[in-house]
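Content type compact mmCIF, C-alpha atoms and all ligand atoms, from the file final_3.txt:
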# COMPACT_ATOMS: atom_id res chain seq x y z
CA MET A 170 -9.64 10.72 25.02
CA LYS A 171 -7.32 11.61 22.16
CA LYS A 172 -7.14 9.07 19.39
CA LEU A 173 -3.38 8.72 19.62
CA ASP A 174 -3.58 7.71 23.27
CA LEU A 175 -5.50 4.62 22.22
CA TYR A 176 -2.31 3.25 20.67
CA THR A 177 -0.53 3.17 24.03
CA SER A 178 -1.78 -0.32 24.81
CA ILE A 179 -0.33 -1.58 21.53
CA VAL A 180 3.04 0.16 21.26
CA GLY A 181 3.69 1.58 24.75
CA LYS A 182 3.61 5.03 26.28
CA ASP A 183 7.10 6.10 25.20
CA VAL A 184 6.30 5.78 21.51
CA ILE A 185 3.31 8.10 21.82
CA GLU A 186 5.22 10.61 23.93
CA GLU A 187 7.96 10.73 21.35
CA LEU A 188 5.40 11.53 18.64
CA HIS A 189 4.12 14.48 20.66
CA GLN A 190 7.64 15.73 21.24
CA LEU A 191 8.55 15.54 17.57
CA ALA A 192 5.29 17.15 16.51
CA GLY A 193 5.97 20.05 18.88
CA LEU A 194 8.51 21.30 16.36
CA LEU A 195 5.95 21.26 13.58
CA LYS A 196 2.89 22.74 15.27
CA GLY A 197 0.82 24.92 12.97
CA ARG A 198 2.75 23.95 9.85
CA LYS A 199 0.68 23.42 6.72
CA VAL A 200 1.06 20.06 4.99
CA VAL A 201 -0.79 18.80 1.92
CA HIS A 202 -0.85 15.23 0.62
CA VAL A 203 -1.94 14.68 -2.99
CA ASN A 204 -2.82 11.38 -4.66
CA SER A 205 -5.20 10.17 -7.35
CA THR A 206 -7.91 8.21 -5.56
CA ARG A 207 -9.77 8.47 -2.30
CA LYS A 208 -10.87 4.86 -2.40
CA GLY A 209 -9.16 1.62 -3.32
CA GLY A 210 -5.53 0.64 -3.13
CA GLY A 211 -2.84 1.07 -0.55
CA VAL A 212 -2.14 4.80 -0.84
CA ALA A 213 -5.72 5.81 -0.05
CA GLU A 214 -5.71 3.28 2.76
CA ILE A 215 -2.64 4.91 4.33
CA LEU A 216 -3.71 8.54 3.89
CA ARG A 217 -7.11 7.85 5.36
CA ARG A 218 -5.45 6.91 8.64
CA LEU A 219 -2.33 9.08 8.65
CA VAL A 220 -3.88 12.47 7.88
CA PRO A 221 -6.28 12.67 10.88
CA LEU A 222 -3.50 11.67 13.27
CA MET A 223 -1.20 14.35 11.84
CA CYS A 224 -3.98 16.88 12.46
CA GLU A 225 -4.40 15.63 16.01
CA LEU A 226 -0.68 16.26 16.51
CA GLY A 227 -1.24 19.91 15.66
CA ILE A 228 0.01 19.86 12.06
CA LYS A 229 -2.48 21.40 9.62
CA THR A 230 -2.68 18.47 7.24
CA LYS A 231 -4.93 18.18 4.20
CA TRP A 232 -5.49 15.37 1.71
CA LYS A 233 -6.31 16.38 -1.86
CA VAL A 234 -7.20 14.06 -4.73
CA ILE A 235 -6.60 14.94 -8.38
CA THR A 236 -9.25 14.14 -10.96
CA GLY A 237 -8.93 13.02 -14.55
CA ASP A 238 -10.82 11.37 -17.40
CA ASP A 239 -10.50 7.82 -18.74
CA ASP A 240 -7.55 8.71 -20.96
CA PHE A 241 -5.67 10.20 -18.04
CA PHE A 242 -6.06 7.04 -15.96
CA LYS A 243 -5.29 4.87 -18.98
CA CYS A 244 -2.04 6.78 -19.31
CA THR A 245 -1.14 6.62 -15.61
CA LYS A 246 -1.96 2.91 -15.42
CA SER A 247 0.32 2.25 -18.40
CA MET A 248 2.97 4.36 -16.71
CA HIS A 249 2.53 2.36 -13.51
CA ASN A 250 2.91 -0.89 -15.45
CA ALA A 251 5.96 0.38 -17.36
CA LEU A 252 7.63 1.66 -14.20
CA GLN A 253 7.14 -1.77 -12.65
CA GLY A 254 8.94 -3.26 -15.64
CA ASN A 255 6.34 -4.17 -18.29
CA PRO A 256 7.47 -3.42 -21.85
CA ILE A 257 4.96 -0.72 -22.75
CA ASP A 258 5.06 2.34 -24.95
CA ILE A 259 2.82 5.25 -24.11
CA PRO A 260 1.70 7.33 -27.10
CA GLU A 261 2.70 11.00 -27.07
CA SER A 262 -0.98 11.96 -27.24
CA LEU A 263 -1.65 10.27 -23.88
CA LEU A 264 1.39 11.91 -22.28
CA ARG A 265 0.05 15.30 -23.38
CA ILE A 266 -3.27 14.44 -21.68
CA TYR A 267 -1.31 13.46 -18.56
CA GLU A 268 0.38 16.85 -18.46
CA LYS A 269 -2.74 18.79 -19.38
CA THR A 270 -4.75 17.05 -16.65
CA ASN A 271 -2.11 17.96 -14.12
CA ALA A 272 -2.17 21.56 -15.34
CA GLN A 273 -5.96 21.62 -14.87
CA ASN A 274 -5.70 20.15 -11.38
CA ALA A 275 -3.05 22.73 -10.52
CA GLU A 276 -5.58 25.47 -11.32
CA VAL A 277 -7.80 24.10 -8.56
CA LEU A 278 -5.11 23.25 -6.02
CA ARG A 279 -2.46 25.91 -6.71
CA LYS A 280 -3.19 28.26 -3.81
CA GLU A 281 -3.09 25.55 -1.18
CA LEU A 282 -0.09 23.83 -2.68
CA GLU A 283 1.90 27.02 -3.05
CA GLU A 284 1.14 28.11 0.51
CA ALA A 285 1.94 24.78 2.16
CA ASP A 286 5.12 24.27 4.16
CA ILE A 287 5.41 20.71 2.91
CA VAL A 288 3.67 18.98 0.00
CA PHE A 289 3.72 15.20 -0.39
CA ILE A 290 2.92 14.07 -3.92
CA HIS A 291 2.09 10.36 -4.05
CA ASP A 292 3.10 8.23 -7.03
CA PRO A 293 3.39 9.23 -10.69
CA GLN A 294 -0.17 10.40 -11.33
CA PRO A 295 0.16 13.90 -9.78
CA ALA A 296 3.96 14.21 -10.19
CA PRO A 297 3.82 17.02 -12.82
CA LEU A 298 1.85 19.32 -10.47
CA ILE A 299 5.15 20.78 -9.35
CA LYS A 300 5.74 22.28 -12.81
CA PHE A 301 2.50 24.20 -12.53
CA CYS A 302 3.15 25.69 -9.09
CA PRO A 303 6.03 28.05 -9.81
CA ASP A 304 5.47 30.22 -6.73
CA ARG A 305 5.61 27.38 -4.23
CA ARG A 306 7.18 28.40 -0.97
CA GLY A 307 7.41 25.07 0.84
CA LYS A 308 9.32 21.86 0.33
CA TRP A 309 7.96 19.31 -2.11
CA ILE A 310 8.46 15.59 -1.64
CA TRP A 311 7.73 12.88 -4.18
CA ARG A 312 6.49 9.75 -2.44
CA CYS A 313 6.88 6.68 -4.64
CA HIS A 314 4.85 3.65 -3.51
CA ILE A 315 5.58 1.35 -6.43
CA ASP A 316 8.45 -0.94 -7.35
CA ILE A 317 10.56 1.08 -9.76
CA SER A 318 13.70 -0.98 -9.30
CA ARG A 319 13.69 -2.04 -12.98
CA PRO A 320 11.59 0.46 -14.87
CA GLN A 321 11.26 0.80 -18.62
CA ARG A 322 14.03 3.36 -18.96
CA HIS A 323 12.30 5.70 -21.39
CA ILE A 324 9.24 6.07 -19.18
CA TRP A 325 11.33 6.65 -16.06
CA LYS A 326 13.38 9.20 -17.99
CA TYR A 327 10.19 11.02 -18.89
CA LEU A 328 8.82 10.98 -15.33
CA ARG A 329 12.22 11.85 -13.88
CA ASN A 330 11.99 15.23 -15.62
CA PHE A 331 9.27 16.13 -13.15
CA VAL A 332 10.75 14.35 -10.13
CA VAL A 333 14.09 16.18 -10.30
CA ASP A 334 12.33 19.42 -9.35
CA TYR A 335 11.34 17.99 -5.96
CA ASP A 336 13.29 18.66 -2.76
CA ALA A 337 13.33 14.98 -1.76
CA SER A 338 11.90 11.58 -2.63
CA ILE A 339 10.66 8.73 -0.49
CA PHE A 340 10.80 5.07 -1.50
CA SER A 341 9.38 2.10 0.40
CA ILE A 342 12.51 -0.03 0.20
CA VAL A 343 16.15 0.57 -0.67
CA ASN A 344 16.11 -1.42 -3.94
CA PHE A 345 13.48 0.89 -5.40
CA ALA A 346 15.55 4.05 -5.00
CA GLN A 347 16.63 5.72 -8.22
CA ARG A 348 19.48 8.11 -8.85
CA LEU A 349 18.11 11.62 -8.20
CA PRO A 350 19.71 14.98 -7.44
CA HIS A 351 18.10 15.37 -4.03
CA PRO A 352 17.93 13.49 -0.71
CA LEU A 353 16.26 10.10 -0.82
CA TYR A 354 14.43 8.68 2.19
CA ILE A 355 13.37 5.09 2.78
CA ILE A 356 10.05 4.81 4.59
CA PRO A 357 8.00 1.62 4.44
CA PRO A 358 4.21 1.99 4.65
CA SER A 359 2.13 0.88 7.61
CA ILE A 360 -1.25 -0.30 8.82
CA ASP A 361 -3.46 1.09 11.53
CA PRO A 362 -4.14 -1.59 14.16
CA LEU A 363 -7.24 0.31 15.34
CA SER A 364 -8.93 0.67 11.96
CA GLU A 365 -12.03 -1.30 11.06
CA LYS A 366 -9.81 -3.38 8.81
CA ASN A 367 -7.40 -4.44 11.51
CA LYS A 368 -9.00 -4.24 14.91
CA ASP A 369 -9.87 -7.40 16.83
CA LEU A 370 -13.10 -9.12 15.86
CA ASP A 371 -14.77 -11.90 17.75
CA ALA A 372 -15.10 -15.35 16.24
CA LYS A 373 -18.88 -14.98 15.95
CA GLU A 374 -18.57 -11.98 13.65
CA VAL A 375 -15.94 -13.72 11.52
CA TYR A 376 -18.23 -16.70 11.16
CA SER A 377 -21.25 -14.60 10.26
CA VAL A 378 -19.31 -12.73 7.53
CA TYR A 379 -18.29 -16.02 5.89
CA ASP A 380 -21.77 -17.42 6.37
CA GLY A 381 -23.31 -14.32 4.79
CA LEU A 382 -21.09 -14.78 1.76
CA GLY A 383 -22.13 -18.42 1.44
CA ILE A 384 -18.70 -19.79 2.32
CA ASP A 385 -18.47 -22.79 4.62
CA MET A 386 -15.91 -22.28 7.38
CA GLY A 387 -15.99 -26.02 8.04
CA ASN A 388 -13.68 -26.61 5.07
CA PRO A 389 -10.18 -25.16 4.56
CA ILE A 390 -10.17 -21.66 3.12
CA ILE A 391 -7.40 -20.21 0.98
CA LEU A 392 -7.64 -16.44 0.57
CA GLN A 393 -6.13 -13.66 -1.49
CA VAL A 394 -7.38 -10.07 -1.07
CA SER A 395 -6.29 -7.80 -3.92
CA ARG A 396 -7.41 -5.49 -6.66
CA PHE A 397 -7.83 -7.46 -9.88
CA ASP A 398 -4.43 -6.60 -11.27
CA ARG A 399 -2.05 -8.87 -13.19
CA PHE A 400 0.83 -7.92 -10.89
CA LYS A 401 -1.15 -9.60 -8.09
CA ASP A 402 -1.25 -12.81 -10.18
CA PRO A 403 -4.83 -13.89 -9.38
CA VAL A 404 -4.70 -16.48 -12.17
CA GLY A 405 -1.54 -17.93 -10.59
CA VAL A 406 -3.47 -18.16 -7.33
CA ILE A 407 -6.14 -20.24 -9.06
CA GLN A 408 -3.43 -22.54 -10.45
CA SER A 409 -2.00 -22.97 -6.94
CA TYR A 410 -5.44 -23.68 -5.59
CA ARG A 411 -6.04 -26.43 -8.16
CA LEU A 412 -2.80 -28.09 -7.06
CA VAL A 413 -3.76 -27.82 -3.38
CA LYS A 414 -7.09 -29.43 -4.17
CA ASN A 415 -5.29 -32.58 -5.33
CA PHE A 416 -4.36 -33.39 -1.76
CA THR A 417 -7.03 -31.40 0.14
CA PRO A 418 -10.17 -31.90 -1.99
CA SER A 419 -12.39 -29.94 0.38
CA ALA A 420 -10.27 -26.75 0.07
CA GLN A 421 -12.02 -23.59 -1.11
CA LEU A 422 -10.54 -20.48 -2.68
CA VAL A 423 -11.66 -16.93 -1.95
CA LEU A 424 -10.43 -14.16 -4.22
CA ALA A 425 -11.66 -10.88 -2.80
CA GLY A 426 -11.17 -7.65 -4.69
CA GLY A 427 -12.76 -4.37 -5.46
CA PRO A 428 -12.38 -1.42 -7.77
CA ALA A 429 -10.00 1.52 -7.45
CA THR A 430 -11.06 4.63 -9.32
CA ASP A 431 -7.55 5.11 -10.71
CA ASP A 432 -7.29 1.54 -12.05
CA PRO A 433 -9.09 1.11 -15.38
CA GLU A 434 -7.72 -2.41 -16.01
CA GLY A 435 -9.60 -4.09 -13.18
CA LYS A 436 -12.59 -5.16 -15.28
CA VAL A 437 -10.47 -6.89 -17.92
CA VAL A 438 -8.43 -8.74 -15.33
CA LEU A 439 -11.58 -9.76 -13.50
CA GLU A 440 -12.84 -11.39 -16.70
CA GLU A 441 -9.55 -13.28 -17.03
CA VAL A 442 -9.96 -14.49 -13.45
CA LYS A 443 -13.54 -15.61 -14.05
CA THR A 444 -12.47 -17.54 -17.12
CA ALA A 445 -9.64 -19.22 -15.20
CA ALA A 446 -12.03 -20.15 -12.37
CA GLY A 447 -14.58 -21.69 -14.78
CA ASP A 448 -17.67 -22.99 -13.05
CA ASN A 449 -15.88 -24.36 -10.00
CA PRO A 450 -18.33 -23.79 -7.11
CA ASN A 451 -15.47 -23.82 -4.60
CA ILE A 452 -13.83 -20.75 -6.09
CA HIS A 453 -15.48 -17.66 -4.65
CA ILE A 454 -14.75 -14.45 -6.50
CA LEU A 455 -15.95 -11.60 -4.33
CA LEU A 456 -16.43 -8.10 -5.66
CA LEU A 457 -16.38 -5.98 -2.58
CA PRO A 458 -17.68 -2.42 -2.45
CA PRO A 459 -15.17 0.21 -1.28
CA GLU A 460 -16.32 0.29 2.35
CA SER A 461 -15.69 -3.37 3.08
CA ASP A 462 -13.05 -2.99 5.74
CA ARG A 463 -14.78 -5.11 8.34
CA THR A 464 -15.53 -7.79 5.78
CA ILE A 465 -11.88 -7.92 4.73
CA ASN A 466 -10.85 -8.00 8.37
CA ALA A 467 -13.11 -11.01 8.95
CA LEU A 468 -11.99 -12.75 5.76
CA GLN A 469 -8.34 -12.42 6.77
CA ARG A 470 -9.05 -13.65 10.30
CA GLY A 471 -11.11 -16.63 9.18
CA ALA A 472 -8.90 -17.95 6.37
CA ASP A 473 -6.69 -20.98 6.91
CA ILE A 474 -4.11 -19.97 4.32
CA VAL A 475 -3.50 -16.44 3.05
CA LEU A 476 -1.66 -15.86 -0.20
CA GLN A 477 -0.29 -12.68 -1.74
CA LYS A 478 1.22 -14.21 -4.81
CA SER A 479 2.23 -10.93 -6.47
CA ILE A 480 4.89 -10.85 -9.15
CA LYS A 481 5.58 -7.15 -8.44
CA GLU A 482 4.58 -5.42 -5.25
CA GLY A 483 5.43 -1.95 -3.98
CA PHE A 484 4.78 -3.05 -0.42
CA GLY A 485 1.65 -5.13 -0.02
CA LEU A 486 -0.51 -3.80 2.81
CA THR A 487 -2.60 -6.95 2.55
CA VAL A 488 0.46 -8.86 3.74
CA THR A 489 0.86 -6.56 6.76
CA GLU A 490 -2.85 -6.77 7.54
CA THR A 491 -2.77 -10.56 7.53
CA MET A 492 0.41 -10.80 9.59
CA TRP A 493 -1.08 -8.45 12.18
CA LYS A 494 -3.91 -10.98 12.54
CA GLY A 495 -1.36 -13.57 13.64
CA LYS A 496 -1.07 -15.44 10.36
CA PRO A 497 1.88 -16.30 8.18
CA VAL A 498 1.60 -15.19 4.54
CA ILE A 499 2.62 -17.15 1.48
CA GLY A 500 3.86 -14.27 -0.61
CA GLY A 501 5.47 -13.65 -3.98
CA ASN A 502 9.23 -13.29 -3.68
CA THR A 503 9.25 -9.67 -4.78
CA GLY A 504 9.48 -6.04 -3.71
CA GLY A 505 7.92 -5.05 -0.43
CA ILE A 506 6.71 -8.56 0.32
CA ARG A 507 10.34 -9.51 0.94
CA LEU A 508 10.56 -6.86 3.58
CA GLN A 509 7.71 -8.42 5.50
CA VAL A 510 7.79 -12.12 4.84
CA ILE A 511 10.95 -13.48 6.40
CA ASN A 512 11.11 -16.85 4.69
CA HIS A 513 10.25 -19.74 7.05
CA HIS A 514 9.71 -17.33 9.96
CA THR A 515 6.84 -14.93 9.27
CA GLY A 516 5.69 -16.76 6.15
CA PHE A 517 7.00 -18.26 2.94
CA LEU A 518 8.36 -16.57 -0.17
CA VAL A 519 7.39 -18.29 -3.41
CA ASN A 520 8.18 -17.84 -7.09
CA THR A 521 5.64 -20.12 -8.78
CA PRO A 522 2.10 -21.48 -8.35
CA GLU A 523 3.70 -24.84 -7.55
CA GLY A 524 5.79 -23.26 -4.81
CA ALA A 525 2.72 -21.59 -3.31
CA ALA A 526 0.80 -24.89 -3.39
CA LEU A 527 3.67 -26.74 -1.71
CA ARG A 528 3.80 -24.23 1.13
CA ALA A 529 0.02 -24.21 1.48
CA ARG A 530 0.07 -28.00 1.75
CA TYR A 531 2.75 -27.82 4.42
CA LEU A 532 0.83 -25.30 6.51
CA LEU A 533 -2.47 -27.14 6.13
CA HIS A 534 -0.76 -30.22 7.55
CA HIS A 535 1.04 -28.33 10.32
CA PRO A 536 -1.47 -26.10 12.11
CA GLU A 537 1.00 -25.66 14.97
CA LYS A 538 3.38 -24.00 12.49
CA ILE A 539 0.64 -21.55 11.45
CA LYS A 540 0.40 -20.53 15.10
CA GLU A 541 4.13 -20.29 15.66
CA MET A 542 4.86 -18.36 12.48
CA GLY A 543 1.75 -16.25 12.95
CA TYR A 544 2.95 -15.10 16.35
CA LYS A 545 6.27 -14.03 14.86
CA ALA A 546 4.46 -12.32 12.01
CA LYS A 547 2.35 -10.24 14.36
CA GLU A 548 5.31 -9.17 16.48
CA PHE A 549 7.28 -8.29 13.35
CA VAL A 550 4.48 -5.98 12.27
CA ARG A 551 4.23 -4.47 15.75
CA ALA A 552 7.93 -3.63 15.66
CA ASN A 553 8.11 -2.32 12.11
CA PHE A 554 4.92 -1.65 10.22
CA LEU A 555 2.38 0.08 12.45
CA ILE A 556 1.14 3.61 11.83
CA THR A 557 2.97 4.94 14.90
CA ARG A 558 6.34 4.10 13.30
CA HIS A 559 5.15 5.65 10.05
CA LEU A 560 4.11 8.83 11.85
CA ARG A 561 7.50 9.05 13.53
CA ASP A 562 9.25 8.66 10.19
CA HIS A 563 7.13 11.38 8.64
CA LEU A 564 7.69 13.75 11.55
CA THR A 565 11.45 13.24 11.57
CA LEU A 566 11.57 13.65 7.81
CA MET A 567 9.64 16.91 7.98
CA ILE A 568 11.89 18.16 10.77
CA SER A 569 15.01 17.26 8.85
CA ILE A 570 13.70 18.97 5.72
CA LEU A 571 12.56 22.14 7.48
CA TYR A 572 15.41 22.41 9.98
CA GLY A 573 18.04 20.80 7.79
CA VAL A 574 20.69 23.43 8.27
CA LYS A 575 20.68 23.23 12.07
CA GLU A 576 23.26 20.97 13.64
CA ARG A 577 21.17 20.29 16.71
CA ILE A 578 17.43 20.10 17.17
CA GLU A 579 16.04 20.40 20.70
CA LEU A 580 12.97 18.31 21.43
N1 LIG A 601 -8.42 -3.63 -0.42
C1 LIG A 601 -9.73 -3.29 -0.17
N2 LIG A 601 -10.69 -3.87 -0.95
C2 LIG A 601 -10.40 -4.74 -1.93
C3 LIG A 601 -9.05 -5.07 -2.19
C4 LIG A 601 -8.09 -4.48 -1.41
O1 LIG A 601 -10.04 -2.51 0.74
O2 LIG A 601 -11.31 -5.23 -2.56
C5 LIG A 601 -7.40 -3.01 0.43
C6 LIG A 601 -6.46 -3.98 1.10
O3 LIG A 601 -7.05 -4.50 2.27
C7 LIG A 601 -5.25 -3.07 1.35
C8 LIG A 601 -5.26 -2.15 0.13
O4 LIG A 601 -6.59 -2.17 -0.38
O5 LIG A 601 -5.44 -2.31 2.50
C9 LIG A 601 -4.32 -2.65 -0.96
O6 LIG A 601 -3.03 -2.29 -0.64
P1 LIG A 601 -1.79 -3.10 -1.20
O7 LIG A 601 -0.57 -2.38 -0.75
O8 LIG A 601 -1.90 -4.53 -0.76
O9 LIG A 601 -1.94 -3.08 -2.78
P2 LIG A 601 -2.24 -1.93 -3.87
O10 LIG A 601 -3.68 -2.08 -4.22
O11 LIG A 601 -1.89 -0.61 -3.26
O12 LIG A 601 -1.36 -2.31 -5.03
File written out as structure tokens:
Amino acid sequence: MKKLDLYTSIVGKDVIEELHQLAGLLKGRKVVHVNSTRKGGGVAEILRRLVPLMCELGIKTKWKVITGDDDFFKCTKSMHNALQGNPIDIPESLLRIYEKTNAQNAEVLRKELEEADIVFIHDPQPAPLIKFCPDRRGKWIWRCHIDISRPQRHIWKYLRNFVVDYDASIFSIVNFAQRLPHPLYIIPPSIDPLSEKNKDLDAKEVYSVYDGLGIDMGNPIILQVSRFDRFKDPVGVIQSYRLVKNFTPSAQLVLAGGPATDDPEGKVVLEEVKTAAGDNPNIHILLLPPESDRTINALQRGADIVLQKSIKEGFGLTVTETMWKGKPVIGGNTGGIRLQVINHHTGFLVNTPEGAALRARYLLHHPEKIKEMGYKAKEFVRANFLITRHLRDHLTLMISILYGVKERIEL
């Protein structure tokens, strides 16, 4: 059985048929996706699932990862932070390393990139590759996954110099779109309901994962799954937890995170989190290895309250993952979380640790609400944020870019 057919029971036959019809127009085309890490973070998570399905649909799709040294990732992390609004200056010397690293990667990837019909470049890290592929014959698309609605202008101006050369850009939500001299597309990310991270698990397995981690499922569990990144506000989560504990003394907090190879700040933030947690035995800080999908799945299914208290968030796949498991999310009122958490319906939007604690208290006292909102949350994800919708968006985008001049496209 083809992998795509397995999605029929989740989204219906028509959705899958439509994907085959659309892909018919793209059969044999060469597509390359480029990002900066194979493990950790949302982009890798998406590509891991999307690329094989594209291949199954008959599109020759490859996923390439650029490499760089510590200075390169220091530079791109600063750029990421500045584009999401932090007041940061990046020294010229680091920007030169950024460009040089891209030039070096282009040496390795040039042939494939120049021969591809469509190249998707994800986020700022590999954006300059386009400058080093002068003989490209296909269309190049810059796919921005982060919240650049209020960037530090000078850094955006610098990056924009590369982005203007692209044929199109994709943003996750409308507010993030920037003024650019080419078509802009809005495509939110997605999760794969059949992946190890999202597929159904039985209660026994969920229990044994918590048990194995030394966490007692008999007491309320508050969970946040995230890289240790200040934008995810893990210290704010600890503050919320301490407030919750005032009225639910048995509550426990689980902060689960792991490393991403393109995120050099994780270690420092982890230390800040450990300091904030002190020696509280009810705060569990879990450092998960990269292949922990089933563990994360179980953690999300077994938690009583799930937070994603980000202060900036490109999209927040962890929110989607939790909602798909039939749970409301208490999420930071920002970026892509707003697209998913419909306040009071699929979760709660909060601006402060106090706000998060208040909503957690409410849900802990109203388990029937968790069920009701969780049902809505799951259906909202089914309608909007599954990989089948993402595939359709990508296919239609590729068709529109390759067949743009035609008035009518026959399926
Ligand atoms: N994730 C993971 N291990 C961790 C922390 C996160 O596998 O220790 C996953 C998480 O389940 C989600 C992705 O990494 O699928 C994070 O995506 P998100 O959009 O939430 O945030 P990003 O890290 O891209 O900012």
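Omitting Pro352 in chain A and its sequence neighbours fewer than 5 positions away, and counting all atoms listed in the file, the residues within 10 Å are Ile310, Tyr335, Asp336, Ala337, Ser338, Ile339 and Ile570 of chain A.
Distances here use only C-alpha atoms and all ligand atoms; by that measure, the residue among A:Gln477, A:Thr177, A:Asn415, A:Asn330 closest to ligand LIG 601 (chain A) is A:Gln477.
For Val510 in chain A, the residues within 8 Å (counting only C-alpha atoms, excluding itself and residues fewer than 3 positions away along the chain) are Pro497, Val498, Ile499, Gly500, Ile506, Arg507, His514, Thr515, Gly516, Phe517, Leu518 and Ala546 of chain A.
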Axis-aligned box over every listed atom of ligand LIG 601 (chain A), padded by 8 Å per side: centre and edges in Å to one decimal, as JSON?
{"center_x": -5.9, "center_y": -2.9, "center_z": -1.3, "size_x": 26.7, "size_y": 20.6, "size_z": 23.5}
Wanna dump the chain A-ligand LIG 601 (chain A) contacts at 7 Å for me, each residue with its shortest atom pair and the distance in Å to one decimal, counting all atoms listed in the file, ordered by chain and number, as a tab-separated table?
residue	atom	partner	partner_atom	distance
A:Gly209	CA	A:LIG601	O4	5.4
A:Gly210	CA	A:LIG601	O10	3.5
A:Gly211	CA	A:LIG601	O11	3.3
A:Val212	CA	A:LIG601	O11	5.9
A:Glu214	CA	A:LIG601	O5	5.6
A:Val394	CA	A:LIG601	C3	5.4
A:Ser395	CA	A:LIG601	C3	4.3
A:Arg396	CA	A:LIG601	C3	4.8
A:Ala425	CA	A:LIG601	O2	5.7
A:Gly426	CA	A:LIG601	O2	3.2
A:Gly427	CA	A:LIG601	O2	3.4
A:Pro428	CA	A:LIG601	O2	6.5
A:Leu456	CA	A:LIG601	O2	6.6
A:Leu457	CA	A:LIG601	O2	5.1
A:Pro458	CA	A:LIG601	O2	7.0
A:Pro459	CA	A:LIG601	N2	6.1
A:Ser461	CA	A:LIG601	O1	6.2
A:Asp462	CA	A:LIG601	O1	5.9
A:Ile465	CA	A:LIG601	O3	6.4
A:Glu482	CA	A:LIG601	O12	6.7
A:Gly483	CA	A:LIG601	O7	6.8
A:Phe484	CA	A:LIG601	O7	5.4
A:Gly485	CA	A:LIG601	O7	3.6
A:Leu486	CA	A:LIG601	O7	3.8
A:Thr487	CA	A:LIG601	O8	4.2
A:Val488	CA	A:LIG601	O8	6.7
Write a file of the selected residues as a PDB file, in the frame of the given file, keeping C-alpha atoms.
ATOM      1  CA  GLY A 209      -9.160   1.620  -3.320  1.00  0.00           C
ATOM      2  CA  GLY A 210      -5.530   0.640  -3.130  1.00  0.00           C
ATOM      3  CA  GLY A 211      -2.840   1.070  -0.550  1.00  0.00           C
ATOM      4  CA  VAL A 212      -2.140   4.800  -0.840  1.00  0.00           C
ATOM      5  CA  GLU A 214      -5.710   3.280   2.760  1.00  0.00           C
ATOM      6  CA  VAL A 394      -7.380 -10.070  -1.070  1.00  0.00           C
ATOM      7  CA  SER A 395      -6.290  -7.800  -3.920  1.00  0.00           C
ATOM      8  CA  ARG A 396      -7.410  -5.490  -6.660  1.00  0.00           C
ATOM      9  CA  ALA A 425     -11.660 -10.880  -2.800  1.00  0.00           C
ATOM     10  CA  GLY A 426     -11.170  -7.650  -4.690  1.00  0.00           C
ATOM     11  CA  GLY A 427     -12.760  -4.370  -5.460  1.00  0.00           C
ATOM     12  CA  PRO A 428     -12.380  -1.420  -7.770  1.00  0.00           C
ATOM     13  CA  LEU A 456     -16.430  -8.100  -5.660  1.00  0.00           C
ATOM     14  CA  LEU A 457     -16.380  -5.980  -2.580  1.00  0.00           C
ATOM     15  CA  PRO A 458     -17.680  -2.420  -2.450  1.00  0.00           C
ATOM     16  CA  PRO A 459     -15.170   0.210  -1.280  1.00  0.00           C
ATOM     17  CA  SER A 461     -15.690  -3.370   3.080  1.00  0.00           C
ATOM     18  CA  ASP A 462     -13.050  -2.990   5.740  1.00  0.00           C
ATOM     19  CA  ILE A 465     -11.880  -7.920   4.730  1.00  0.00           C
ATOM     20  CA  GLU A 482       4.580  -5.420  -5.250  1.00  0.00           C
ATOM     21  CA  GLY A 483       5.430  -1.950  -3.980  1.00  0.00           C
ATOM     22  CA  PHE A 484       4.780  -3.050  -0.420  1.00  0.00           C
ATOM     23  CA  GLY A 485       1.650  -5.130  -0.020  1.00  0.00           C
ATOM     24  CA  LEU A 486      -0.510  -3.800   2.810  1.00  0.00           C
ATOM     25  CA  THR A 487      -2.600  -6.950   2.550  1.00  0.00           C
ATOM     26  CA  VAL A 488       0.460  -8.860   3.740  1.00  0.00           C
TER      27      VAL A 488
END
Query - Exercise: Val343 in chain A partners within 10 Å, only C-alpha atoms, chain neighbours under 4 positions left out, as a ChimeraX atom specification - result: /A:318,339,347,353-357,504-505
Query raised in the report: In Å to one decimal, how far is CA of Phe345 in chain A from CA of Phe301 in chain A?
Result: 26.7 Å
Report task. Quote the spacing between CA of Lys208 in chain A and CA of Thr430 in chain A in Å to one decimal place. Result -> 6.9 Å
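Using all atoms listed in the file, the nearest neighbour of Trp232 in chain A within the list A:His351, A:Lys366, A:His202, A:Arg558 is A:His202.
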**Report entry** Separation of CA of Pro536 in chain A from CA of Thr489 in chain A, in Å and rounded to one decimal
**Finding:** 20.4 Å
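Excluding range 257-271 of chain A and any residue on its chain fewer than 5 positions from it, the residues at most 7 Å away by all atoms listed in the file are Gly237, Asp240, Phe241, Cys244, Ser247, Ala251, Pro295, Pro297 and Leu298 of chain A.
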Quick one: residues within 8 Å of range 439-441 of chain A, all atoms listed in the file, excluding same-chain residues fewer than 4 positions away - as a PDB file with C-alpha atoms, in the frame of the given file?
ATOM      1  CA  PHE A 397      -7.830  -7.460  -9.880  1.00  0.00           C
ATOM      2  CA  VAL A 404      -4.700 -16.480 -12.170  1.00  0.00           C
ATOM      3  CA  GLY A 435      -9.600  -4.090 -13.180  1.00  0.00           C
ATOM      4  CA  ALA A 445      -9.640 -19.220 -15.200  1.00  0.00           C
TER       5      ALA A 445
END
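Nearest to Lys538 in chain A of all the residues A:Glu490, A:Asp473, A:Glu281, A:Glu576 is A:Asp473, based on only C-alpha atoms.
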